[in-house]
Amino acid sequence: MSFLEYDGQLRKLSLPEQVKIYRNRVAAQANEETVLSGVAHTAGLTKMLLAKETHKERLEMMAKVDEVASRFAAANVSYVGKANFGEAEKYIKEFHAWSATIMDITIQISAVNGRFTLDFMQKFQSSVYLKAFLQELADNGIVYELQDKQIKPLPAFRAPWQGL
């Protein structure tokens with residue numbers, strides 16, 4: 001996971017320059033030490049969560065985690081990478097890897113058969129951010145096909161304590 005600030009100075013640069021800077025930032029944050037630190041943090045959080053005795057305590061704890069996370073990150077961009085469907089890939093037009101998120105906006109990016117799929121997911125009704133995102137694509141000459149708007153709850157995983 002990388003935390004990438006998008007400030008006014010960066011916004012003034014051309015899209016190719018922004019891409020180059022972000023790639024360098026992601027590479028810098030993807031070093032082994034940083035990744036292992038992130039894994040240790042997640043493992044510690046999971047241990048604390050599992051140590052709670054009731055489902056209510058776990059939900060309260062995660063509400064606090066969500067509140068803290070929302071203070072330093074407004075959106076999440078997740079690139080799951082290129083799918084590898086082998087010989088079947090030529091028959092696949094798109095592939096989605098939806099996941100629940102604590103962020104108000106998540107853009108999930110996947111790739112298959114020479115195409116990118118971007119799923120713009122948000123937790124609120126207003127289309128102002130989606131429209132702004134599509135305008136950024138258009139302003140930078142990026143052609144896109146807008147599919148339908150769907151309002152769907154994402155499937156949730158069952159935690160070990162949910163059956164209790």
# chains A, B, ... in the order shown; residues from 1 in each chain; ligands from 1
call {"tool": "residues_around", "arguments": {"residues": "Ala74 (chain A)", "least_positions_apart": "4", "cutoff": "7 Å", "atoms": "only C-alpha atoms", "output": "PyMOL selection string"}}
result
chain A and resi 70+103-104
call {"tool": "write_last_selection", "arguments": {"atoms": "N, CA and C atoms", "output": "PDB file, in the first residue's frame"}}
result
ATOM      1  N   SER A  70      -9.664   7.765   7.686  1.00  0.00           N
ATOM      2  CA  SER A  70     -10.305   8.786   6.856  1.00  0.00           C
ATOM      3  C   SER A  70      -9.677  10.159   7.043  1.00  0.00           C
ATOM      4  N   MET A 103     -12.571   3.526   2.557  1.00  0.00           N
ATOM      5  CA  MET A 103     -12.471   4.839   1.924  1.00  0.00           C
ATOM      6  C   MET A 103     -13.809   5.241   1.306  1.00  0.00           C
ATOM      7  N   ASP A 104     -14.043   6.535   1.241  1.00  0.00           N
ATOM      8  CA  ASP A 104     -15.272   7.018   0.621  1.00  0.00           C
ATOM      9  C   ASP A 104     -15.287   6.768  -0.883  1.00  0.00           C
TER      10      ASP A 104
END
call {"tool": "select_by_dssp", "arguments": {"residues": "chain A", "states": "alpha helix (DSSP H)", "output": "PyMOL selection string"}}
result
chain A and resi 8-11+15-29+32-51+55-72+128-139
call {"tool": "atom_distance", "arguments": {"atom1": "CA of Ile102 (chain A)", "atom2": "CA of Gly8 (chain A)"}}
result
25.3 Å
call {"tool": "atom_distance", "arguments": {"atom1": "CA of Leu146 (chain A)", "atom2": "CA of Asn24 (chain A)"}}
result
29.8 Å
call {"tool": "select_by_dssp", "arguments": {"residues": "chain A", "states": "strand (DSSP E)", "output": "PDB file with C-alpha atoms, in the first residue's frame"}}
result
ATOM      1  CA  ALA A  75      -9.576   7.839  -1.676  1.00  0.00           C
ATOM      2  CA  ASN A  76      -8.046   4.523  -2.611  1.00  0.00           C
ATOM      3  CA  VAL A  77      -6.702   3.463  -5.997  1.00  0.00           C
ATOM      4  CA  SER A  78      -6.118  -0.252  -6.222  1.00  0.00           C
ATOM      5  CA  TYR A  79      -4.456  -1.942  -9.191  1.00  0.00           C
ATOM      6  CA  VAL A  80      -4.814  -5.701  -9.010  1.00  0.00           C
ATOM      7  CA  GLY A  81      -2.765  -6.130 -12.149  1.00  0.00           C
ATOM      8  CA  LYS A  82      -3.198  -8.031 -15.347  1.00  0.00           C
ATOM      9  CA  ILE A 105     -13.987   6.549  -2.941  1.00  0.00           C
ATOM     10  CA  THR A 106     -12.163   3.554  -4.370  1.00  0.00           C
ATOM     11  CA  ILE A 107     -11.012   3.146  -7.944  1.00  0.00           C
ATOM     12  CA  GLN A 108     -10.306  -0.502  -8.689  1.00  0.00           C
ATOM     13  CA  ILE A 109      -8.158  -1.070 -11.775  1.00  0.00           C
ATOM     14  CA  SER A 110      -7.738  -4.421 -13.488  1.00  0.00           C
ATOM     15  CA  ALA A 111      -6.542  -5.477 -16.926  1.00  0.00           C
ATOM     16  CA  VAL A 112      -7.415  -8.296 -19.280  1.00  0.00           C
ATOM     17  CA  ARG A 115      -7.962  -3.479 -21.882  1.00  0.00           C
ATOM     18  CA  PHE A 116      -8.106  -1.753 -18.532  1.00  0.00           C
ATOM     19  CA  THR A 117     -11.247  -1.797 -16.432  1.00  0.00           C
ATOM     20  CA  LEU A 118     -11.698   0.967 -13.890  1.00  0.00           C
ATOM     21  CA  ASP A 119     -14.443   0.536 -11.333  1.00  0.00           C
ATOM     22  CA  PHE A 120     -15.277   3.803  -9.587  1.00  0.00           C
ATOM     23  CA  MET A 121     -16.884   2.923  -6.264  1.00  0.00           C
ATOM     24  CA  GLN A 122     -18.150   5.386  -3.709  1.00  0.00           C
TER      25      GLN A 122
END
call {"tool": "atom_distance", "arguments": {"atom1": "CA of Tyr6 (chain A)", "atom2": "CA of Phe124 (chain A)"}}
result
22.0 Å
call {"tool": "residues_around", "arguments": {"residues": "Asn140 (chain A)", "least_positions_apart": "6", "cutoff": "10 Å", "atoms": "only C-alpha atoms", "output": "list in words"}}
result
Ser14, Leu15, Pro16 and Leu134 of chain A
call {"tool": "residues_around", "arguments": {"residues": "Met61 (chain A)", "least_positions_apart": "3", "cutoff": "9 Å", "atoms": "only C-alpha atoms", "output": "number ranges by chain"}}
result
A: 48-49, 52, 56-58, 64-66
call {"tool": "residues_around", "arguments": {"residues": "Tyr22 (chain A)", "least_positions_apart": "2", "cutoff": "12 Å", "atoms": "only C-alpha atoms", "output": "PyMOL selection string"}}
result
chain A and resi 2-6+10-11+13+15-20+24-29
call {"tool": "decode", "arguments": {"residues": "region 45-95 of chain A", "atoms": "C-alpha atoms", "output": "CSV table (one decimal), in the first residue's frame"}}
result
chain,number,residue,atom,x,y,z
A,45,LEU,CA,-4.2,-4.9,14.2
A,46,THR,CA,-5.7,-8.3,13.4
A,47,LYS,CA,-4.5,-9.7,16.7
A,48,MET,CA,-6.0,-6.7,18.6
A,49,LEU,CA,-9.3,-7.3,16.8
A,50,LEU,CA,-9.4,-11.0,17.5
A,51,ALA,CA,-8.6,-10.4,21.2
A,52,LYS,CA,-11.9,-8.5,21.6
A,53,GLU,CA,-14.5,-10.6,23.3
A,54,THR,CA,-17.7,-9.5,21.5
A,55,HIS,CA,-18.7,-8.6,18.0
A,56,LYS,CA,-19.8,-5.2,19.3
A,57,GLU,CA,-16.3,-4.5,20.7
A,58,ARG,CA,-14.8,-5.4,17.3
A,59,LEU,CA,-17.1,-3.1,15.4
A,60,GLU,CA,-16.4,-0.3,17.8
A,61,MET,CA,-12.6,-0.8,17.4
A,62,MET,CA,-12.9,-0.9,13.6
A,63,ALA,CA,-15.1,2.3,13.6
A,64,LYS,CA,-12.1,4.0,15.4
A,65,VAL,CA,-9.7,2.6,12.8
A,66,ASP,CA,-12.0,3.8,10.0
A,67,GLU,CA,-12.1,7.3,11.6
A,68,VAL,CA,-8.4,7.6,11.8
A,69,ALA,CA,-7.8,6.3,8.3
A,70,SER,CA,-10.3,8.8,6.9
A,71,ARG,CA,-8.2,11.6,8.3
A,72,PHE,CA,-5.2,10.9,6.2
A,73,ALA,CA,-6.6,9.3,3.1
A,74,ALA,CA,-9.6,10.4,1.1
A,75,ALA,CA,-9.6,7.8,-1.7
A,76,ASN,CA,-8.0,4.5,-2.6
A,77,VAL,CA,-6.7,3.5,-6.0
A,78,SER,CA,-6.1,-0.3,-6.2
A,79,TYR,CA,-4.5,-1.9,-9.2
A,80,VAL,CA,-4.8,-5.7,-9.0
A,81,GLY,CA,-2.8,-6.1,-12.1
A,82,LYS,CA,-3.2,-8.0,-15.3
A,83,ALA,CA,-5.3,-11.1,-15.2
A,84,ASN,CA,-3.8,-14.3,-16.5
A,85,PHE,CA,-6.6,-16.4,-17.9
A,86,GLY,CA,-4.4,-18.2,-20.5
A,87,GLU,CA,-6.1,-19.4,-23.6
A,88,ALA,CA,-9.5,-18.2,-22.3
A,89,GLU,CA,-8.4,-14.6,-22.1
A,90,LYS,CA,-9.3,-13.9,-25.7
A,91,TYR,CA,-12.9,-14.5,-24.8
A,92,ILE,CA,-12.9,-12.1,-21.8
A,93,LYS,CA,-13.9,-8.5,-22.4
A,94,GLU,CA,-13.4,-7.2,-18.8
A,95,PHE,CA,-12.7,-8.4,-15.3
